[in-house]
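Student: What follows is a structure written as structure tokens; I'll ask about it next.
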Amino acid sequence: MTITVGPRSRIAGTGAYVPERVMTNAALEALVDTSDEWIRERTGIRERRVAAEGEAASDMAVQAARRALEAAGLSPSDLDMIIVGTISADMPLPACAAFVQQKLGCPGIPAFDVAAACAGFVYAMSIGDQFIRSGAHRNVLVIGVELLSRVLNWKDRATCVLFGDGAGAAVLTPAGDDGRGVLSTRLYTDATLAESLCIPAGGSKEPLTAAGIEEARDKVHMVGGDIFKVAVRNLTSASREALEVAGLEPKAVDWVVPHQANMRIITQVAQRLDIPLDRFVLNIERYGNTSSASIPIALDEGVRDGRIQPGNTVLMCALGAGISWASALCRM
Ligand code: UT7
């Protein structure tokens with residue numbers, strides 16, 4: 001187990017953005033053989049947001065980033081690095097982070113994407129934290145953004161009812177000596193179930209063909225049941241490890257900001273950690289599963305509505321394709 005010492009980073013500001021267009025469960029009933037009741041009972045989702053035509057992932061990311069920068073009292077020119085967690089970048093090449101940099105107008109600093117799917121934001125935060133701890137960089141913008149509505153098969157009820165579009169961001173800066181900051185981060189991947197959640201075509205293994213498009217092989221495929229069991233187990237163990245590394249017990253956690261994939265997963269993790277559900281920041285009902293954006297959107301909501309207070313201990317945990325999962329413990 002690695003324990004890093006040195007000037008840790010802290011979250012100096014958060015921001016979020018969701019597209020205006022709301023898609024309810026009722027609207028999905030018109031597209032696939034599903035029901036509002038099934039979606040609510042099996043997932044906890046009532047509605048999700050869908051990006052406007054012409055809106056790109058980087059557009060959403062920049063909106064969230066500007067809000068996070070404003071909250072941190074910084075401008076784009078203060079940034080030293082941009083890390084974007086996403087699997088739905090504007091284009092396969094270059095990185096979404098490059099377009100974020102272009103739109104923020106801060107050329108020259110490193111800007112790159114992290115492809116850790118739903119764990120992307122926590123991965124990005126952990127990487128940013130390491131650069132700050134090492135002294136290499138000061139102000140790192142970390143973003144989770146997904147425009148999944150464009151990579152979903154809208155004829156597949158097993159996936160299209162689950163996901164939504166959105167972006168969340170945080171600005172990391174060097175922490176002072178007041179005990180605030182990123183206390184620990186833990187990152188994991190186990191590729192045993194790599195094919196259980198994937199976009200099969202469109203990469204170098206299976207270049208896109210007309211037949212591939214016809215069969216929706218360029219869209220998200222998921223064997224949900226496989227992921228469910230692993231999610232409960234791994235989110236719980238990753239959360240415990242983040243706490244252990246920081247020398248804290250679950251009862252020290254003021255707020256859990258979990259990845260919002262399924263209310264039943266979250267409930268089971270809460271039970272196993274013995275942390276009451278009313279200490280979880282939840283928004284799955286309104287936004288569905290926004291993959292890498294779900295944690296930073298919920299974090300920003302908790303901060304802005306005053307639930308998450310300075311000095312609070314916040315636990316984040318996420319799991320998605322890879323299977324990659326991650327946890328982070330922060331004193332805000
Ligand atoms: O964020 C990335 C990581 N992803 C996750 O963490 C997702 C983890 N998995 C899940 O959240 C759940 O497995 C799902 C919500 C995806 C599915 O729930 P489930 O309880 O595992 O359902 P299931 O796939 O076992 O399907 C149960 C039944 C099936 O019908 P039969 O075979 O029992 O007749 C499905 O065909 O529900 C049916 N079904 C639906 N029915 C109505 C599947 N999707 C739908 C739907 N509407 N949208």
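So you can find residues: chains in the structure tokens are A, B, ... in the order shown, residues in each start at 1, and ligands are numbered from 1 in order.
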Could you name the residues that touch Arg138 (chain A) at 12 Å or less, counting only C-alpha atoms, but leaving out those on the same chain fewer than 2 positions away, as number ranges by chain?
Tutor: A: 7-12, 74, 78-82, 109, 128-136, 140-141, 171-175
Student: Write the residues of the preceding selection, restricted to N, CA, C and O atoms, as a CSV table (one decimal), in the first residue's frame.
Tutor:
chain,number,residue,atom,x,y,z
A,7,PRO,N,3.1,18.0,0.3
A,7,PRO,CA,2.0,19.0,0.2
A,7,PRO,C,0.8,18.4,-0.6
A,7,PRO,O,0.9,18.3,-1.8
A,8,ARG,N,-0.2,18.0,0.1
A,8,ARG,CA,-1.4,17.4,-0.7
A,8,ARG,C,-2.1,18.5,-1.5
A,8,ARG,O,-1.9,19.7,-1.2
A,9,SER,N,-3.0,18.1,-2.3
A,9,SER,CA,-3.8,19.0,-3.0
A,9,SER,C,-5.2,19.2,-2.3
A,9,SER,O,-5.5,18.3,-1.5
A,10,ARG,N,-5.9,20.3,-2.6
A,10,ARG,CA,-7.2,20.4,-2.0
A,10,ARG,C,-8.1,20.9,-3.1
A,10,ARG,O,-7.7,21.4,-4.1
A,11,ILE,N,-9.4,20.6,-2.9
A,11,ILE,CA,-10.4,21.0,-3.9
A,11,ILE,C,-10.7,22.5,-3.6
A,11,ILE,O,-11.4,22.8,-2.6
A,12,ALA,N,-10.3,23.4,-4.5
A,12,ALA,CA,-10.5,24.8,-4.2
A,12,ALA,C,-11.8,25.4,-4.8
A,12,ALA,O,-12.2,26.4,-4.5
A,74,LEU,N,-9.9,31.6,-9.5
A,74,LEU,CA,-8.8,31.5,-10.4
A,74,LEU,C,-9.3,31.8,-11.9
A,74,LEU,O,-10.5,31.6,-12.1
A,78,ASP,N,-4.3,30.8,-14.8
A,78,ASP,CA,-3.6,30.3,-13.6
A,78,ASP,C,-3.4,28.8,-13.7
A,78,ASP,O,-2.7,28.2,-12.8
A,79,LEU,N,-4.0,28.1,-14.6
A,79,LEU,CA,-4.0,26.6,-14.7
A,79,LEU,C,-2.6,26.1,-15.2
A,79,LEU,O,-2.0,26.7,-16.0
A,80,ASP,N,-2.2,25.0,-14.6
A,80,ASP,CA,-1.0,24.3,-15.0
A,80,ASP,C,-1.2,23.0,-15.8
A,80,ASP,O,-0.3,22.5,-16.3
A,81,MET,N,-2.4,22.5,-15.7
A,81,MET,CA,-2.7,21.2,-16.3
A,81,MET,C,-4.2,21.0,-16.4
A,81,MET,O,-5.0,21.5,-15.5
A,82,ILE,N,-4.7,20.3,-17.4
A,82,ILE,CA,-6.1,20.0,-17.5
A,82,ILE,C,-6.2,18.5,-17.8
A,82,ILE,O,-5.5,17.9,-18.7
A,109,ILE,N,-0.1,24.5,-21.6
A,109,ILE,CA,-0.1,23.6,-20.5
A,109,ILE,C,-0.6,22.2,-20.9
A,109,ILE,O,-1.3,22.0,-21.9
A,128,GLY,N,-4.1,14.3,-10.8
A,128,GLY,CA,-3.8,15.7,-10.5
A,128,GLY,C,-3.2,15.9,-9.1
A,128,GLY,O,-2.3,16.7,-8.9
A,129,ASP,N,-3.7,15.1,-8.2
A,129,ASP,CA,-3.2,15.2,-6.8
A,129,ASP,C,-1.7,14.8,-6.7
A,129,ASP,O,-0.9,15.4,-6.1
A,130,GLN,N,-1.4,13.8,-7.5
A,130,GLN,CA,0.0,13.3,-7.5
A,130,GLN,C,0.9,14.4,-8.1
A,130,GLN,O,2.1,14.6,-7.6
A,131,PHE,N,0.5,15.1,-9.1
A,131,PHE,CA,1.3,16.2,-9.7
A,131,PHE,C,1.5,17.3,-8.7
A,131,PHE,O,2.6,17.9,-8.7
A,132,ILE,N,0.5,17.6,-8.0
A,132,ILE,CA,0.6,18.7,-7.0
A,132,ILE,C,1.5,18.2,-5.8
A,132,ILE,O,2.4,19.0,-5.4
A,133,ARG,N,1.3,17.0,-5.3
A,133,ARG,CA,2.1,16.5,-4.2
A,133,ARG,C,3.6,16.5,-4.6
A,133,ARG,O,4.4,16.7,-3.8
A,134,SER,N,3.9,16.2,-5.9
A,134,SER,CA,5.3,16.1,-6.3
A,134,SER,C,5.9,17.5,-6.5
A,134,SER,O,7.1,17.6,-6.6
A,135,GLY,N,5.1,18.5,-6.5
A,135,GLY,CA,5.6,19.9,-6.6
A,135,GLY,C,5.7,20.3,-8.1
A,135,GLY,O,6.1,21.4,-8.4
A,136,ALA,N,5.4,19.4,-9.0
A,136,ALA,CA,5.5,19.7,-10.4
A,136,ALA,C,4.5,20.7,-10.9
A,136,ALA,O,4.8,21.5,-11.8
A,140,VAL,N,-4.5,22.4,-10.9
A,140,VAL,CA,-4.9,21.4,-11.9
A,140,VAL,C,-6.4,21.4,-12.0
A,140,VAL,O,-7.1,21.3,-11.0
A,141,LEU,N,-6.9,21.5,-13.3
A,141,LEU,CA,-8.3,21.4,-13.5
A,141,LEU,C,-8.7,20.0,-13.9
A,141,LEU,O,-8.1,19.4,-14.8
A,171,VAL,N,-11.2,22.3,-9.3
A,171,VAL,CA,-9.9,22.8,-9.4
A,171,VAL,C,-9.1,22.4,-8.2
A,171,VAL,O,-9.5,22.6,-7.1
A,172,LEU,N,-8.0,21.7,-8.4
A,172,LEU,CA,-7.1,21.3,-7.3
A,172,LEU,C,-6.0,22.3,-7.2
A,172,LEU,O,-5.3,22.7,-8.2
A,173,THR,N,-5.7,22.7,-6.0
A,173,THR,CA,-4.5,23.6,-5.7
A,173,THR,C,-3.8,23.0,-4.5
A,173,THR,O,-4.3,22.2,-3.7
A,174,PRO,N,-2.6,23.5,-4.2
A,174,PRO,CA,-1.8,23.0,-3.0
A,174,PRO,C,-2.6,23.3,-1.8
A,174,PRO,O,-3.0,24.5,-1.6
A,175,ALA,N,-2.7,22.3,-0.9
A,175,ALA,CA,-3.4,22.6,0.4
A,175,ALA,C,-2.5,23.3,1.4
A,175,ALA,O,-1.2,23.3,1.3
Student: Any idea what's packed within 7 Å of Val256 (chain A), counting only C-alpha atoms, ignoring anything in its chain fewer than 6 positions away? Could you give it as a list in words?
Tutor: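 Contacts, with the query itself left out: Arg279, Phe280, Val281, Val314, Leu315 and Met316 of chain A.
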Student: Do you know which residues are at most 10 Å from Gly212 (chain A) counting only C-alpha atoms, after dropping those on the same chain fewer than 5 positions away, and could you put them as a PyMOL selection string?
Tutor: chain A and resi 200-202+206-207+217-219
Student: Please identify which residues in region 63-286 of chain A DSSP calls helix (DSSP H, G or I) from the backbone, and express them as JSON, numbers by chain.
Tutor: {"A": [63, 64, 65, 66, 67, 68, 69, 70, 71, 72, 76, 77, 78, 96, 97, 98, 99, 100, 101, 102, 103, 104, 117, 118, 119, 120, 121, 122, 123, 124, 125, 126, 127, 128, 129, 130, 131, 132, 133, 148, 149, 150, 157, 158, 159, 160, 191, 192, 193, 194, 195, 196, 210, 211, 212, 213, 214, 224, 225, 226, 227, 228, 229, 230, 231, 232, 233, 234, 235, 236, 237, 238, 239, 240, 241, 242, 243, 244, 245, 250, 251, 252, 263, 264, 265, 266, 267, 268, 269, 270, 271, 272, 273, 277, 278, 279, 284, 285, 286]}
Student: For the contact check between chain A and ligand 1, emit one row per residue of chain A within 6 Å, containing the shortest atom pair and the distance in Å rounded to one decimal, counting only C-alpha atoms and all ligand atoms, chain then rising number order, as JSON lines.
Tutor:
{"residue": "A:Thr34", "atom": "CA", "partner": "ligand 1", "partner_atom_place_in_ligand_line": "47 (N)", "distance": 3.6}
{"residue": "A:Ser35", "atom": "CA", "partner": "ligand 1", "partner_atom_place_in_ligand_line": "47 (N)", "distance": 5.8}
{"residue": "A:Trp38", "atom": "CA", "partner": "ligand 1", "partner_atom_place_in_ligand_line": "42 (C)", "distance": 5.4}
{"residue": "A:Arg42", "atom": "CA", "partner": "ligand 1", "partner_atom_place_in_ligand_line": "15 (C)", "distance": 5.6}
{"residue": "A:Thr43", "atom": "CA", "partner": "ligand 1", "partner_atom_place_in_ligand_line": "15 (C)", "distance": 5.3}
{"residue": "A:Cys118", "atom": "CA", "partner": "ligand 1", "partner_atom_place_in_ligand_line": "1 (O)", "distance": 5.5}
{"residue": "A:Arg157", "atom": "CA", "partner": "ligand 1", "partner_atom_place_in_ligand_line": "48 (N)", "distance": 4.2}
{"residue": "A:Ala158", "atom": "CA", "partner": "ligand 1", "partner_atom_place_in_ligand_line": "44 (N)", "distance": 4.0}
{"residue": "A:Val161", "atom": "CA", "partner": "ligand 1", "partner_atom_place_in_ligand_line": "48 (N)", "distance": 5.6}
{"residue": "A:Gly224", "atom": "CA", "partner": "ligand 1", "partner_atom_place_in_ligand_line": "13 (O)", "distance": 3.6}
{"residue": "A:Gly225", "atom": "CA", "partner": "ligand 1", "partner_atom_place_in_ligand_line": "13 (O)", "distance": 3.9}
{"residue": "A:Ile227", "atom": "CA", "partner": "ligand 1", "partner_atom_place_in_ligand_line": "8 (C)", "distance": 4.8}
{"residue": "A:Phe228", "atom": "CA", "partner": "ligand 1", "partner_atom_place_in_ligand_line": "8 (C)", "distance": 4.0}
{"residue": "A:Ala231", "atom": "CA", "partner": "ligand 1", "partner_atom_place_in_ligand_line": "6 (O)", "distance": 6.0}
{"residue": "A:Ala261", "atom": "CA", "partner": "ligand 1", "partner_atom_place_in_ligand_line": "1 (O)", "distance": 4.6}
{"residue": "A:Asn262", "atom": "CA", "partner": "ligand 1", "partner_atom_place_in_ligand_line": "11 (O)", "distance": 4.8}
{"residue": "A:Ser291", "atom": "CA", "partner": "ligand 1", "partner_atom_place_in_ligand_line": "1 (O)", "distance": 5.4}
{"residue": "A:Leu319", "atom": "CA", "partner": "ligand 1", "partner_atom_place_in_ligand_line": "3 (C)", "distance": 5.9}
{"residue": "A:Gly320", "atom": "CA", "partner": "ligand 1", "partner_atom_place_in_ligand_line": "2 (C)", "distance": 4.0}
Student: Do a neighbour search on Gly85 (chain A) at 7 Å with only C-alpha atoms, toss out local chain neighbours closer than 5 positions, and write the hits as a ChimeraX atom specification.
Tutor: /A:113-116,120-121,124,143-145,292
Student: Take the residues just selected and output them with C-alpha atoms as a compact mmCIF listing (two decimals), in the first residue's frame.
Tutor:
# COMPACT_ATOMS: atom_id res chain seq x y z
CA ASP A 113 -7.87 12.57 -21.26
CA VAL A 114 -8.15 9.61 -18.93
CA ALA A 115 -10.19 6.68 -20.28
CA ALA A 116 -11.36 5.10 -17.04
CA GLY A 120 -12.65 8.74 -14.88
CA PHE A 121 -13.15 11.71 -12.56
CA ALA A 124 -8.22 12.33 -12.97
CA ILE A 143 -13.17 17.29 -15.25
CA GLY A 144 -15.61 14.42 -15.69
CA VAL A 145 -17.74 14.83 -18.81
CA SER A 292 -17.45 10.12 -15.18
Student: What's the 9 Å shell around Gly322 (chain A), counting only C-alpha atoms, without same-chain residues fewer than 2 positions away, as a list in words?
Tutor: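 Using only C-alpha atoms, the neighbours found are Ala116, Ala117, Thr189, Asp190, Ala191, Thr192, Leu193, Ala194, Glu195, Ser196, Leu197, Cys198, Leu319, Gly320, Ser324 and Trp325 of chain A.
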Student: Just write the chosen residues, N, CA, C and O atoms, as a PDB file, in the first residue's frame.
Tutor:
ATOM      1  N   ALA A 116     -11.027   6.048 -18.111  1.00  0.00           N
ATOM      2  CA  ALA A 116     -11.357   5.100 -17.038  1.00  0.00           C
ATOM      3  C   ALA A 116     -12.867   5.053 -16.837  1.00  0.00           C
ATOM      4  O   ALA A 116     -13.346   4.730 -15.751  1.00  0.00           O
ATOM      5  N   ALA A 117     -13.599   5.406 -17.888  1.00  0.00           N
ATOM      6  CA  ALA A 117     -15.063   5.326 -17.889  1.00  0.00           C
ATOM      7  C   ALA A 117     -15.655   6.008 -16.647  1.00  0.00           C
ATOM      8  O   ALA A 117     -15.274   7.129 -16.327  1.00  0.00           O
ATOM      9  N   THR A 189      -7.985  -1.634 -11.559  1.00  0.00           N
ATOM     10  CA  THR A 189      -8.601  -2.194 -12.774  1.00  0.00           C
ATOM     11  C   THR A 189      -8.483  -3.714 -12.717  1.00  0.00           C
ATOM     12  O   THR A 189      -7.446  -4.236 -12.312  1.00  0.00           O
ATOM     13  N   ASP A 190      -9.558  -4.409 -13.106  1.00  0.00           N
ATOM     14  CA  ASP A 190      -9.525  -5.860 -13.280  1.00  0.00           C
ATOM     15  C   ASP A 190     -10.276  -6.133 -14.580  1.00  0.00           C
ATOM     16  O   ASP A 190     -11.500  -5.965 -14.648  1.00  0.00           O
ATOM     17  N   ALA A 191      -9.523  -6.535 -15.602  1.00  0.00           N
ATOM     18  CA  ALA A 191     -10.104  -6.643 -16.942  1.00  0.00           C
ATOM     19  C   ALA A 191     -10.807  -7.975 -17.201  1.00  0.00           C
ATOM     20  O   ALA A 191     -11.174  -8.254 -18.344  1.00  0.00           O
ATOM     21  N   THR A 192     -11.033  -8.763 -16.160  1.00  0.00           N
ATOM     22  CA  THR A 192     -11.743 -10.043 -16.346  1.00  0.00           C
ATOM     23  C   THR A 192     -13.082  -9.815 -17.059  1.00  0.00           C
ATOM     24  O   THR A 192     -13.497 -10.614 -17.887  1.00  0.00           O
ATOM     25  N   LEU A 193     -13.751  -8.718 -16.729  1.00  0.00           N
ATOM     26  CA  LEU A 193     -15.061  -8.430 -17.327  1.00  0.00           C
ATOM     27  C   LEU A 193     -14.977  -7.296 -18.354  1.00  0.00           C
ATOM     28  O   LEU A 193     -15.952  -6.576 -18.555  1.00  0.00           O
ATOM     29  N   ALA A 194     -13.822  -7.155 -18.998  1.00  0.00           N
ATOM     30  CA  ALA A 194     -13.636  -6.013 -19.919  1.00  0.00           C
ATOM     31  C   ALA A 194     -14.721  -5.936 -20.990  1.00  0.00           C
ATOM     32  O   ALA A 194     -15.173  -4.848 -21.357  1.00  0.00           O
ATOM     33  N   GLU A 195     -15.154  -7.103 -21.497  1.00  0.00           N
ATOM     34  CA  GLU A 195     -16.150  -7.094 -22.581  1.00  0.00           C
ATOM     35  C   GLU A 195     -17.586  -6.941 -22.068  1.00  0.00           C
ATOM     36  O   GLU A 195     -18.506  -6.820 -22.875  1.00  0.00           O
ATOM     37  N   SER A 196     -17.783  -6.959 -20.755  1.00  0.00           N
ATOM     38  CA  SER A 196     -19.152  -6.842 -20.228  1.00  0.00           C
ATOM     39  C   SER A 196     -19.705  -5.426 -20.336  1.00  0.00           C
ATOM     40  O   SER A 196     -20.906  -5.206 -20.189  1.00  0.00           O
ATOM     41  N   LEU A 197     -18.828  -4.471 -20.540  1.00  0.00           N
ATOM     42  CA  LEU A 197     -19.258  -3.084 -20.743  1.00  0.00           C
ATOM     43  C   LEU A 197     -18.279  -2.451 -21.719  1.00  0.00           C
ATOM     44  O   LEU A 197     -17.136  -2.155 -21.354  1.00  0.00           O
ATOM     45  N   CYS A 198     -18.724  -2.305 -22.956  1.00  0.00           N
ATOM     46  CA  CYS A 198     -17.782  -1.824 -23.976  1.00  0.00           C
ATOM     47  C   CYS A 198     -18.519  -1.236 -25.172  1.00  0.00           C
ATOM     48  O   CYS A 198     -19.731  -1.395 -25.321  1.00  0.00           O
ATOM     49  N   LEU A 319     -17.209   3.100 -10.138  1.00  0.00           N
ATOM     50  CA  LEU A 319     -16.828   1.882 -10.864  1.00  0.00           C
ATOM     51  C   LEU A 319     -17.495   1.872 -12.229  1.00  0.00           C
ATOM     52  O   LEU A 319     -18.648   2.282 -12.357  1.00  0.00           O
ATOM     53  N   GLY A 320     -16.745   1.446 -13.237  1.00  0.00           N
ATOM     54  CA  GLY A 320     -17.322   1.355 -14.571  1.00  0.00           C
ATOM     55  C   GLY A 320     -16.513   0.459 -15.479  1.00  0.00           C
ATOM     56  O   GLY A 320     -15.772  -0.413 -15.001  1.00  0.00           O
ATOM     57  N   SER A 324     -12.828  -0.700 -14.225  1.00  0.00           N
ATOM     58  CA  SER A 324     -11.973   0.188 -13.452  1.00  0.00           C
ATOM     59  C   SER A 324     -12.797   0.785 -12.340  1.00  0.00           C
ATOM     60  O   SER A 324     -13.967   1.124 -12.544  1.00  0.00           O
ATOM     61  N   TRP A 325     -12.195   0.900 -11.179  1.00  0.00           N
ATOM     62  CA  TRP A 325     -12.896   1.530 -10.072  1.00  0.00           C
ATOM     63  C   TRP A 325     -11.908   2.316  -9.229  1.00  0.00           C
ATOM     64  O   TRP A 325     -10.683   2.173  -9.364  1.00  0.00           O
TER      65      TRP A 325
END
Student: One decimal, Å: what's the distance from CA of Arg150 (chain A) over to CA of Ala68 (chain A), could you say?
Tutor: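 We find that CA of Arg150 (chain A) and CA of Ala68 (chain A) lie 25.6 Å from each other.
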Student: Excluding same-chain residues fewer than 6 positions from Asn283 (chain A), what lies within 9 Å of it counting only C-alpha atoms, as a tab-separated table (two decimals) with all heavy atoms, in the first residue's frame?
Tutor:
chain	number	residue	atom	x	y	z
A	45	ILE	N	-33.93	5.88	-11.34
A	45	ILE	CA	-33.90	7.03	-12.28
A	45	ILE	C	-35.32	7.44	-12.67
A	45	ILE	O	-36.15	6.59	-13.00
A	45	ILE	CB	-33.09	6.66	-13.55
A	45	ILE	CG1	-31.66	6.25	-13.20
A	45	ILE	CG2	-33.08	7.83	-14.54
A	45	ILE	CD1	-30.91	5.53	-14.33
A	260	GLN	N	-23.24	7.47	-9.56
A	260	GLN	CA	-24.69	7.26	-9.54
A	260	GLN	C	-25.09	6.37	-10.71
A	260	GLN	O	-25.52	6.86	-11.76
A	260	GLN	CB	-25.42	8.61	-9.62
A	260	GLN	CG	-24.72	9.76	-8.90
A	260	GLN	CD	-25.28	10.08	-7.53
A	260	GLN	OE1	-26.47	9.97	-7.31
A	260	GLN	NE2	-24.43	10.50	-6.62
A	294	SER	N	-20.78	11.92	-12.96
A	294	SER	CA	-21.77	11.81	-11.88
A	294	SER	C	-21.21	12.29	-10.54
A	294	SER	O	-21.89	12.99	-9.79
A	294	SER	CB	-22.32	10.39	-11.80
A	294	SER	OG	-21.50	9.53	-11.06
A	297	ILE	N	-20.65	16.25	-10.53
A	297	ILE	CA	-21.94	16.97	-10.53
A	297	ILE	C	-22.54	16.92	-9.12
A	297	ILE	O	-22.96	17.95	-8.57
A	297	ILE	CB	-22.93	16.38	-11.56
A	297	ILE	CG1	-22.45	16.62	-12.99
A	297	ILE	CG2	-24.32	16.99	-11.37
A	297	ILE	CD1	-23.30	15.91	-14.07
A	298	ALA	N	-22.55	15.73	-8.51
A	298	ALA	CA	-23.13	15.59	-7.17
A	298	ALA	C	-22.30	16.36	-6.14
A	298	ALA	O	-22.85	17.00	-5.24
A	298	ALA	CB	-23.21	14.12	-6.79
A	301	GLU	N	-23.20	19.96	-6.41
A	301	GLU	CA	-24.52	20.22	-5.83
A	301	GLU	C	-24.44	20.28	-4.31
A	301	GLU	O	-25.02	21.16	-3.68
A	301	GLU	CB	-25.52	19.14	-6.27
A	301	GLU	CG	-25.94	19.31	-7.72
A	301	GLU	CD	-27.04	18.33	-8.14
A	301	GLU	OE1	-27.32	17.35	-7.42
A	301	GLU	OE2	-27.62	18.56	-9.21
Student: Could you check the closest approach to Ile266 (chain A) for each of A:Gly247, A:Leu162, A:Arg233, A:Arg286 and tell me which residue wins, using only C-alpha atoms?
Tutor: A:Arg233
Student: Hey, which of A:Pro110, A:Ile87, A:Asp278, A:Gly168 ends up closest to His137 (chain A)? Count only C-alpha atoms.
Tutor: A:Pro110
